[in-house]
Amino acid sequence: MIRKITYTIFLSIIVATLILFFVAFPFGKNKMGVGKYYLNNDIKQTGAANVVTAVTLDYRGLDTLGEVTVLFAAAAGVSILFYLIDQDKKKRERQVYPNFIVRVGSRIIFPFILLFGSYIFIHGHLTPGGGFQGGSIIASGFLLLYLAYPGERVNRKKLAVTEGLAGLTFVVFGAIGIFTGAHSFLFNFFPKGTLNMLFSAGILPILYIAIGFKVGSEFAGIIDDMMCQTVCGGEK
Amino acid sequence: MIFYVGAFILIAVGLYAIIIKKNLVKIIIGLDLISSGTNLLIVSIGYVKGGTAPIFSHPGILPQMMVDPVPQALTLTAIVIGASELALAAAFVAILYKHYGTLDIRKVRGLKW
């Protein structure tokens with residue numbers, strides 16, 4: 001009974017919120033506040049063709065650093081939780097192995113997945129891509145390897161080193177900005193270059209490459225933790 | 001307009017799954033549906049009628065023709081956070097399953113109210 005009453009109150013609050021929302025934010029109308037400033041000053045201030053990248057890494061770069069930290073915390077949490085339940089149980093060996101086509105095909109396609117992911121995060125300031133998307137694509141390549149070769153693992157130490165170096169690159173390039181120019185964290189101190197060229201937008205491509213490596217290695221670590229619950233043998 | 005409706009349907013289905021379903025995996029799927037619906041909602045709030053993507057991909061695109069970039073940047077953040085949150089929730093479900101031997105939320109003591 002009390003549960004039903006609670007649900008009813010909860011649902012009516014949600015419906016009222018929706019109605020208020022529809023009235024306050026009509027679809028397709030120009031509601032830009034700070035977005036207009038970003039659009040008008042993007043080329044002059046950051047030099048990045050993709051305004052979303054400029055917002056993510058330049059205007060709100062500190063938020064992105066926090067987001068990467070949240071991602072790291074989640075990956076560490078997954079690792080710790082699986083370590084806790086790992087201790088009492090012996091690993092089961094998987095009996096069914098993937099067939100020949102999957103094994104050989106994954107071996108052929110894996111470098112191209114890495115290449116595609118790198119392309120996406122290197123061109124993050126020009127095209128609708130970036131470090132997060134490219135890193136996820138790279139991690140999906142690792143997932144393909146895990147599916148094709150049960151019983152194998154990636155080297156977790158190398159993953160951890162990659163992740164740490166990438167995070168360090170982000171922080172160091174942000175900290176250099178404190179000592180140059182505007183004396184602010186993540187100040188864009190490199191020359192802006194010409195619009196729509198690969199070497200443009202100052203430090204934004206470097207930051208996105210760092211984020212790509214960090215996200216890729218973190219997601220690969222999560223995939224490794226999850227797959228190793230059932231599939232892979234080998235020691236950590 | 002169809003984006004608003006789709007986003008609300010996604011959120012409603014996710015809420016239904018969280019409230020009604022008793023299986024922990026289905027509850028996690030509901031969480032992910034809510035997160036996807038919220039992302040769709042945020043991006044569609046930033047849409048301007050007739051606008052293009054906020055990328056200066058070739059000369060002739062003016063800032064007046066673009067949609068709002070801020071919700072898209074926020075959504076970029078939210079997608080990654082959602083993925084990592086999903087992984088953490090799956091890890092919690094795995095540890096609960098190891099501990100209780102069931103995925104039924106009614107049989108997990110200490111969570112009932």
# chains A, B, ... in the order shown; residues from 1 in each chain; ligands from 1
>>> residues_around(residues="Tyr208 (chain A)", least_positions_apart="3", cutoff="8 Å", atoms="only C-alpha atoms", output="list in words")
Leu57, Phe121, Ile122, Gly124, Gly130, Gly131, Leu204, Pro205, Ile211 and Gly212 of chain A
>>> interface_residues(of="chain B", to="chain A", cutoff="6 Å", atoms="only C-alpha atoms", output="list in words")
Met1, Tyr47, Val48, Lys49, Pro54, Ile55, Phe56, Pro63, Asp68, Pro69, Val70, Ala73, Ser84, Leu88 and Ala91 of chain B
>>> write_last_selection(atoms="N, CA and C atoms", output="PDB file, in the first residue's frame")
ATOM      1  N   MET B   1      10.723  17.707 -32.455  1.00  0.00           N
ATOM      2  CA  MET B   1       9.685  17.285 -31.517  1.00  0.00           C
ATOM      3  C   MET B   1       9.739  15.791 -31.266  1.00  0.00           C
ATOM      4  N   TYR B  47      19.069  21.921 -29.977  1.00  0.00           N
ATOM      5  CA  TYR B  47      18.858  22.007 -31.415  1.00  0.00           C
ATOM      6  C   TYR B  47      18.209  23.334 -31.788  1.00  0.00           C
ATOM      7  N   VAL B  48      18.718  23.928 -32.875  1.00  0.00           N
ATOM      8  CA  VAL B  48      18.127  25.146 -33.418  1.00  0.00           C
ATOM      9  C   VAL B  48      17.579  24.800 -34.788  1.00  0.00           C
ATOM     10  N   LYS B  49      16.387  25.266 -35.092  1.00  0.00           N
ATOM     11  CA  LYS B  49      15.731  24.841 -36.330  1.00  0.00           C
ATOM     12  C   LYS B  49      16.571  25.251 -37.541  1.00  0.00           C
ATOM     13  N   PRO B  54      28.081  22.174 -35.133  1.00  0.00           N
ATOM     14  CA  PRO B  54      28.975  23.293 -34.812  1.00  0.00           C
ATOM     15  C   PRO B  54      30.420  23.028 -35.184  1.00  0.00           C
ATOM     16  N   ILE B  55      30.670  22.818 -36.473  1.00  0.00           N
ATOM     17  CA  ILE B  55      32.029  22.577 -36.964  1.00  0.00           C
ATOM     18  C   ILE B  55      32.253  23.485 -38.164  1.00  0.00           C
ATOM     19  N   PHE B  56      33.345  24.240 -38.136  1.00  0.00           N
ATOM     20  CA  PHE B  56      33.674  25.101 -39.277  1.00  0.00           C
ATOM     21  C   PHE B  56      34.379  24.266 -40.328  1.00  0.00           C
ATOM     22  N   PRO B  63      28.712  31.329 -37.767  1.00  0.00           N
ATOM     23  CA  PRO B  63      28.276  30.920 -36.422  1.00  0.00           C
ATOM     24  C   PRO B  63      26.768  31.031 -36.222  1.00  0.00           C
ATOM     25  N   ASP B  68      23.556  24.757 -30.760  1.00  0.00           N
ATOM     26  CA  ASP B  68      24.262  25.075 -29.527  1.00  0.00           C
ATOM     27  C   ASP B  68      25.345  24.023 -29.241  1.00  0.00           C
ATOM     28  N   PRO B  69      26.619  24.395 -29.101  1.00  0.00           N
ATOM     29  CA  PRO B  69      27.647  23.384 -28.847  1.00  0.00           C
ATOM     30  C   PRO B  69      27.721  22.911 -27.397  1.00  0.00           C
ATOM     31  N   VAL B  70      27.197  23.690 -26.468  1.00  0.00           N
ATOM     32  CA  VAL B  70      27.403  23.358 -25.049  1.00  0.00           C
ATOM     33  C   VAL B  70      26.704  22.053 -24.659  1.00  0.00           C
ATOM     34  N   ALA B  73      28.776  19.115 -25.885  1.00  0.00           N
ATOM     35  CA  ALA B  73      29.975  18.865 -25.084  1.00  0.00           C
ATOM     36  C   ALA B  73      29.606  18.196 -23.762  1.00  0.00           C
ATOM     37  N   SER B  84      31.142   4.153 -17.820  1.00  0.00           N
ATOM     38  CA  SER B  84      31.926   3.665 -16.691  1.00  0.00           C
ATOM     39  C   SER B  84      31.026   3.297 -15.512  1.00  0.00           C
ATOM     40  N   LEU B  88      30.698  -0.291 -13.545  1.00  0.00           N
ATOM     41  CA  LEU B  88      30.777  -0.434 -12.084  1.00  0.00           C
ATOM     42  C   LEU B  88      29.535  -1.143 -11.552  1.00  0.00           C
ATOM     43  N   ALA B  91      29.790  -4.752 -12.178  1.00  0.00           N
ATOM     44  CA  ALA B  91      30.688  -5.384 -11.214  1.00  0.00           C
ATOM     45  C   ALA B  91      29.991  -5.621  -9.885  1.00  0.00           C
TER      46      ALA B  91
END
>>> select_by_dssp(residues="chain B", states="helix (DSSP H, G or I)", output="PyMOL selection string")
chain B and resi 2-20+24-45+63-65+69-100
>>> closest_residue(among="B:Val25, B:Ile61, B:Leu76, B:Leu86", to="Ile105 (chain B)", atoms="only C-alpha atoms")
B:Val25
>>> atom_distance(atom1="CA of Ile138 (chain A)", atom2="CA of Ile113 (chain A)")
6.4 Å
>>> closest_residue(among="A:Val172, A:Gln45, A:Tyr149, A:Ala182", to="Val104 (chain A)", atoms="only C-alpha atoms")
A:Tyr149
>>> closest_residue(among="B:Ile42, B:Ile18, B:Ala53, B:Leu31", to="Ala89 (chain B)", atoms="only C-alpha atoms")
B:Leu31
